[in-house]
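Visitor: Provided herewith is a single structure, encoded as structure tokens, for subsequent inquiry.
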Amino acid sequence: MRNGSQGIVNFRLTIGTDGVPTACHIQISTRPEGFEKAVCSGIMKRARFTPARDAKGDPLVSFYVNTVIFNIPR
């Protein structure tokens, strides 16, 4: 963004039974250099979720999908 680049990164996280992300997959990106790595590394360090649960109430592996938009305000 310091170079004036903007971009969109769609990602999917695999969420473990403890609510902590175990993997980050880029699904679609406009690919400005560095944005994909910034999204995955930041989210893997900070994101925490309430675990998904099955019908018995036991935690299970799940997925989370979202988009990050790198936009320079005008």
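Letters for chains follow the order of the structure tokens (A, B, ...), residue numbers begin at 1 for each chain, and ligand numbers begin at 1 in the order shown.
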Near Thr22 (chain A), within 12 Å and counting only C-alpha atoms, which residues show up once chain neighbours fewer than 3 positions away are dropped, as an mmCIF file with N, CA and C atoms, in the first residue's frame?

Guide:
data_model
loop_
_atom_site.group_PDB
_atom_site.id
_atom_site.type_symbol
_atom_site.label_atom_id
_atom_site.label_comp_id
_atom_site.auth_asym_id
_atom_site.auth_seq_id
_atom_site.Cartn_x
_atom_site.Cartn_y
_atom_site.Cartn_z
ATOM 1 N N ARG A 12 -9.547 -18.572 2.810
ATOM 2 C CA ARG A 12 -10.298 -19.570 3.582
ATOM 3 C C ARG A 12 -9.383 -20.102 4.673
ATOM 4 N N LEU A 13 -9.872 -20.098 5.888
ATOM 5 C CA LEU A 13 -9.130 -20.651 7.012
ATOM 6 C C LEU A 13 -9.704 -22.011 7.372
ATOM 7 N N THR A 14 -8.837 -22.921 7.735
ATOM 8 C CA THR A 14 -9.263 -24.158 8.375
ATOM 9 C C THR A 14 -9.157 -23.904 9.872
ATOM 10 N N ILE A 15 -10.257 -24.146 10.594
ATOM 11 C CA ILE A 15 -10.317 -23.878 12.021
ATOM 12 C C ILE A 15 -10.302 -25.204 12.773
ATOM 13 N N GLY A 16 -9.343 -25.353 13.674
ATOM 14 C CA GLY A 16 -9.223 -26.582 14.450
ATOM 15 C C GLY A 16 -10.305 -26.706 15.517
ATOM 16 N N THR A 17 -10.326 -27.843 16.165
ATOM 17 C CA THR A 17 -11.339 -28.107 17.187
ATOM 18 C C THR A 17 -11.178 -27.208 18.420
ATOM 19 N N ASP A 18 -10.022 -26.551 18.527
ATOM 20 C CA ASP A 18 -9.798 -25.621 19.639
ATOM 21 C C ASP A 18 -10.106 -24.176 19.269
ATOM 22 N N GLY A 19 -10.555 -23.942 18.023
ATOM 23 C CA GLY A 19 -10.893 -22.597 17.570
ATOM 24 C C GLY A 19 -9.723 -21.813 16.993
ATOM 25 N N HIS A 25 -5.646 -20.536 3.173
ATOM 26 C CA HIS A 25 -5.575 -20.782 1.732
ATOM 27 C C HIS A 25 -6.106 -19.550 1.003
ATOM 28 N N CYS A 40 -2.520 -13.859 5.303
ATOM 29 C CA CYS A 40 -2.409 -15.145 5.998
ATOM 30 C C CYS A 40 -1.576 -15.055 7.269
ATOM 31 N N SER A 41 -0.450 -14.366 7.221
ATOM 32 C CA SER A 41 0.377 -14.318 8.429
ATOM 33 C C SER A 41 -0.317 -13.553 9.547
ATOM 34 N N ILE A 43 -3.599 -13.096 10.028
ATOM 35 C CA ILE A 43 -4.772 -13.823 10.516
ATOM 36 C C ILE A 43 -4.364 -15.060 11.308
ATOM 37 N N MET A 44 -3.359 -15.774 10.847
ATOM 38 C CA MET A 44 -2.923 -16.973 11.562
ATOM 39 C C MET A 44 -2.396 -16.618 12.958
ATOM 40 N N LYS A 45 -1.792 -15.460 13.118
ATOM 41 C CA LYS A 45 -1.269 -15.046 14.424
ATOM 42 C C LYS A 45 -2.369 -14.609 15.383
ATOM 43 N N ARG A 46 -3.403 -13.939 14.859
ATOM 44 C CA ARG A 46 -4.350 -13.249 15.739
ATOM 45 C C ARG A 46 -5.755 -13.862 15.835
ATOM 46 N N ALA A 47 -6.206 -14.511 14.798
ATOM 47 C CA ALA A 47 -7.608 -14.969 14.761
ATOM 48 C C ALA A 47 -7.861 -16.124 15.735
ATOM 49 N N ARG A 48 -8.963 -16.031 16.434
ATOM 50 C CA ARG A 48 -9.427 -17.102 17.311
ATOM 51 C C ARG A 48 -10.941 -17.176 17.166
ATOM 52 N N PHE A 49 -11.464 -18.389 17.180
ATOM 53 C CA PHE A 49 -12.884 -18.615 16.938
ATOM 54 C C PHE A 49 -13.476 -19.498 18.026
ATOM 55 N N VAL A 61 -13.620 -29.758 13.262
ATOM 56 C CA VAL A 61 -12.885 -28.898 12.341
ATOM 57 C C VAL A 61 -13.888 -28.204 11.426
ATOM 58 N N SER A 62 -13.647 -26.922 11.137
ATOM 59 C CA SER A 62 -14.558 -26.169 10.280
ATOM 60 C C SER A 62 -13.756 -25.211 9.404
ATOM 61 N N PHE A 63 -14.463 -24.388 8.644
ATOM 62 C CA PHE A 63 -13.837 -23.434 7.735
ATOM 63 C C PHE A 63 -14.428 -22.047 7.955
ATOM 64 N N TYR A 64 -13.635 -21.041 7.633
ATOM 65 C CA TYR A 64 -14.074 -19.650 7.682
ATOM 66 C C TYR A 64 -13.595 -18.993 6.402
#

Visitor: Using backbone DSSP assignments, extract all strand (DSSP E or B) residues from chain A; output them as a VMD selection string.

Guide: chain A and resid 7 to 15 21 to 29 52 to 53 59 to 60 62 to 70

Visitor: Using C-alpha atoms, can you write the selected residues to a file as a PDB file, in the first residue's frame?

Guide:
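The file below, out-v3.pdb, is the result:
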ATOM      1  CA  GLY A   7      -5.960  -5.167  -3.842  1.00  0.00           C
ATOM      2  CA  ILE A   8      -8.488  -7.771  -2.840  1.00  0.00           C
ATOM      3  CA  VAL A   9      -7.646 -11.100  -1.223  1.00  0.00           C
ATOM      4  CA  ASN A  10     -10.266 -13.824  -0.690  1.00  0.00           C
ATOM      5  CA  PHE A  11      -9.106 -16.432   1.809  1.00  0.00           C
ATOM      6  CA  ARG A  12     -10.298 -19.570   3.582  1.00  0.00           C
ATOM      7  CA  LEU A  13      -9.130 -20.651   7.012  1.00  0.00           C
ATOM      8  CA  THR A  14      -9.263 -24.158   8.375  1.00  0.00           C
ATOM      9  CA  ILE A  15     -10.317 -23.878  12.021  1.00  0.00           C
ATOM     10  CA  PRO A  21      -6.695 -21.521  12.618  1.00  0.00           C
ATOM     11  CA  THR A  22      -4.526 -24.373  11.347  1.00  0.00           C
ATOM     12  CA  ALA A  23      -4.214 -23.343   7.683  1.00  0.00           C
ATOM     13  CA  CYS A  24      -4.805 -20.355   5.425  1.00  0.00           C
ATOM     14  CA  HIS A  25      -5.575 -20.782   1.732  1.00  0.00           C
ATOM     15  CA  ILE A  26      -5.783 -17.918  -0.748  1.00  0.00           C
ATOM     16  CA  GLN A  27      -8.774 -18.544  -2.985  1.00  0.00           C
ATOM     17  CA  ILE A  28      -8.724 -15.454  -5.224  1.00  0.00           C
ATOM     18  CA  SER A  29      -6.399 -12.465  -5.232  1.00  0.00           C
ATOM     19  CA  ALA A  52     -17.956 -25.393  15.542  1.00  0.00           C
ATOM     20  CA  ARG A  53     -19.861 -28.234  17.189  1.00  0.00           C
ATOM     21  CA  PRO A  59     -16.033 -29.621  18.682  1.00  0.00           C
ATOM     22  CA  LEU A  60     -15.123 -30.284  15.068  1.00  0.00           C
ATOM     23  CA  SER A  62     -14.558 -26.169  10.280  1.00  0.00           C
ATOM     24  CA  PHE A  63     -13.837 -23.434   7.735  1.00  0.00           C
ATOM     25  CA  TYR A  64     -14.074 -19.650   7.682  1.00  0.00           C
ATOM     26  CA  VAL A  65     -14.163 -17.672   4.436  1.00  0.00           C
ATOM     27  CA  ASN A  66     -13.708 -13.916   4.124  1.00  0.00           C
ATOM     28  CA  THR A  67     -12.220 -11.094   2.040  1.00  0.00           C
ATOM     29  CA  VAL A  68      -9.642  -8.437   2.864  1.00  0.00           C
ATOM     30  CA  ILE A  69      -9.695  -5.258   0.805  1.00  0.00           C
ATOM     31  CA  PHE A  70      -6.556  -3.139   0.736  1.00  0.00           C
TER      32      PHE A  70
END

Visitor: Using backbone DSSP assignments, extract all alpha helix (DSSP H) residues from region 2-39 of chain A; output them as a list in words.

Guide: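 Selection result, alpha helix (DSSP H) within region 2-39 of chain A: Phe35, Glu36, Lys37, Ala38 and Val39 of chain A.
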
Visitor: What does the file look like for those residues with N, CA and C atoms, as a compact mmCIF listing (two decimals), in the first residue's frame?

Guide:
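Output file result05.txt is given in full below:
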# COMPACT_ATOMS: atom_id res chain seq x y z
N PHE A 35 0.53 -8.82 -0.45
CA PHE A 35 -0.79 -8.78 0.19
C PHE A 35 -1.23 -10.16 0.67
N GLU A 36 -1.03 -11.19 -0.14
CA GLU A 36 -1.46 -12.53 0.24
C GLU A 36 -0.74 -12.99 1.50
N LYS A 37 0.56 -12.79 1.55
CA LYS A 37 1.34 -13.18 2.72
C LYS A 37 0.90 -12.38 3.95
N ALA A 38 0.66 -11.09 3.77
CA ALA A 38 0.23 -10.24 4.90
C ALA A 38 -1.10 -10.73 5.47
N VAL A 39 -2.03 -11.10 4.60
CA VAL A 39 -3.33 -11.59 5.07
C VAL A 39 -3.17 -12.86 5.88

Visitor: Skip Gln6 (chain A) itself and residues of its chain fewer than 2 positions away, then list as a VMD selection string all residues within 7 Å of it, counting only C-alpha atoms.

Guide: chain A and resid 1 4 70 to 72
